[in-house]
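**Q** Can you read through this structure? Questions will come right after.
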Amino acid sequence: QVQLVESGGGLVQAGGSLRLSCATSGRTFSSGAMGWFRQPPGKEREFVGAIRWSGGSTYYAESVKCRFTISRDNAKNTVYLQMNSLKPEDTAVYYCTFNRRTYYTMTHYSRAEDYEYWGQGTQVTVSS
């Protein structure tokens, strides 16, 4: 049984930084990709970014590109979301998720419906 556990959320002022972690367990992660999604208050869940386990290719939503960075530690089966220059509109519950498929094109990892496993989420609040 795959388990994903996010941590690192909290309250930060605009312009600050946070690093979220997603610890995975239940299988060996050597293929597919990990995604980060978020759900702002009162809004739909939206794609943040994704990273392939093999090779480390990444893909980001336009709204976070150049501010957020996803990385992974294959030895620890852990994925990170480094968030810099945070804005109040980044306030959301952040979820990590796992997609077993290996797509040729990274843009395909933006579809939430293709991810099979989800963490419980961690709250990020950015004050103005």
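If you're wondering about the labels, chains in the structure tokens are A, B, ... by order shown, residues count from 1 in each chain, ligands from 1 in order shown.
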Which polymer residues have any atom within 9 Å of an atom of Thr24 (chain A), counting only C-alpha atoms, with same-chain residues fewer than 4 positions away left out, as a list in words?

**A**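 My reading of the contact set: Val2, Gln3, Leu4, Val5, Glu6, Phe29, Lys76, Asn77, Thr78 and Val79 of chain A.
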
**Q** Taking the DSSP secondary structure from the backbone, can you list the residues of chain A that are helix (DSSP H, G or I), as number ranges by chain?

**A** A: 88-90, 106-110, 112-114

**Q** Give me the residues within 8 Å of region 68-70 of chain A as a PyMOL selection string, counting only C-alpha atoms and dropping any in the same chain fewer than 6 places off.

**A** chain A and resi 49-51+58+79-84

**Q** Please produce a file of the residues just selected, as a PDB file, in the first residue's frame, where the atoms kept are N, CA, C and O atoms.

**A**
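After the write, result.pdb holds the following:
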```pdb
ATOM      1  N   GLY A  49       3.146  21.310  -9.883  1.00  0.00           N
ATOM      2  CA  GLY A  49       4.309  20.826 -10.609  1.00  0.00           C
ATOM      3  C   GLY A  49       4.468  19.335 -10.455  1.00  0.00           C
ATOM      4  O   GLY A  49       3.755  18.704  -9.676  1.00  0.00           O
ATOM      5  N   ALA A  50       5.410  18.770 -11.215  1.00  0.00           N
ATOM      6  CA  ALA A  50       5.647  17.333 -11.165  1.00  0.00           C
ATOM      7  C   ALA A  50       7.110  17.047 -11.456  1.00  0.00           C
ATOM      8  O   ALA A  50       7.796  17.855 -12.098  1.00  0.00           O
ATOM      9  N   ILE A  51       7.554  15.875 -10.974  1.00  0.00           N
ATOM     10  CA  ILE A  51       8.926  15.451 -11.218  1.00  0.00           C
ATOM     11  C   ILE A  51       8.947  13.957 -11.472  1.00  0.00           C
ATOM     12  O   ILE A  51       8.273  13.182 -10.784  1.00  0.00           O
ATOM     13  N   THR A  58      11.277  17.930 -14.688  1.00  0.00           N
ATOM     14  CA  THR A  58      10.234  18.648 -13.964  1.00  0.00           C
ATOM     15  C   THR A  58       9.360  19.451 -14.907  1.00  0.00           C
ATOM     16  O   THR A  58       9.736  19.754 -16.038  1.00  0.00           O
ATOM     17  N   VAL A  79      10.163  13.500  -1.801  1.00  0.00           N
ATOM     18  CA  VAL A  79      10.072  14.586  -2.772  1.00  0.00           C
ATOM     19  C   VAL A  79       9.892  15.892  -2.016  1.00  0.00           C
ATOM     20  O   VAL A  79       9.231  15.919  -0.966  1.00  0.00           O
ATOM     21  N   TYR A  80      10.473  16.952  -2.561  1.00  0.00           N
ATOM     22  CA  TYR A  80      10.425  18.257  -1.901  1.00  0.00           C
ATOM     23  C   TYR A  80       9.817  19.300  -2.835  1.00  0.00           C
ATOM     24  O   TYR A  80       9.965  19.217  -4.051  1.00  0.00           O
ATOM     25  N   LEU A  81       9.175  20.265  -2.225  1.00  0.00           N
ATOM     26  CA  LEU A  81       8.678  21.433  -2.955  1.00  0.00           C
ATOM     27  C   LEU A  81       9.228  22.664  -2.248  1.00  0.00           C
ATOM     28  O   LEU A  81       8.768  23.008  -1.174  1.00  0.00           O
ATOM     29  N   GLN A  82      10.228  23.271  -2.864  1.00  0.00           N
ATOM     30  CA  GLN A  82      10.798  24.500  -2.340  1.00  0.00           C
ATOM     31  C   GLN A  82      10.022  25.675  -2.902  1.00  0.00           C
ATOM     32  O   GLN A  82       9.936  25.833  -4.126  1.00  0.00           O
ATOM     33  N   MET A  83       9.454  26.472  -2.015  1.00  0.00           N
ATOM     34  CA  MET A  83       8.608  27.595  -2.436  1.00  0.00           C
ATOM     35  C   MET A  83       9.256  28.899  -1.974  1.00  0.00           C
ATOM     36  O   MET A  83       9.423  29.119  -0.766  1.00  0.00           O
ATOM     37  N   ASN A  84       9.625  29.719  -2.931  1.00  0.00           N
ATOM     38  CA  ASN A  84      10.245  31.008  -2.653  1.00  0.00           C
ATOM     39  C   ASN A  84       9.345  32.143  -3.135  1.00  0.00           C
ATOM     40  O   ASN A  84       8.429  31.923  -3.927  1.00  0.00           O
TER      41      ASN A  84
END
```

**Q** Calculated over only C-alpha atoms, which of the candidates A:Lys87, A:Gly15, A:Met106, A:Thr125 has the smallest distance to Arg52 (chain A)?

**A**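 Using only C-alpha atoms, the shortest distance to Arg52 (chain A) belongs to A:Met106.
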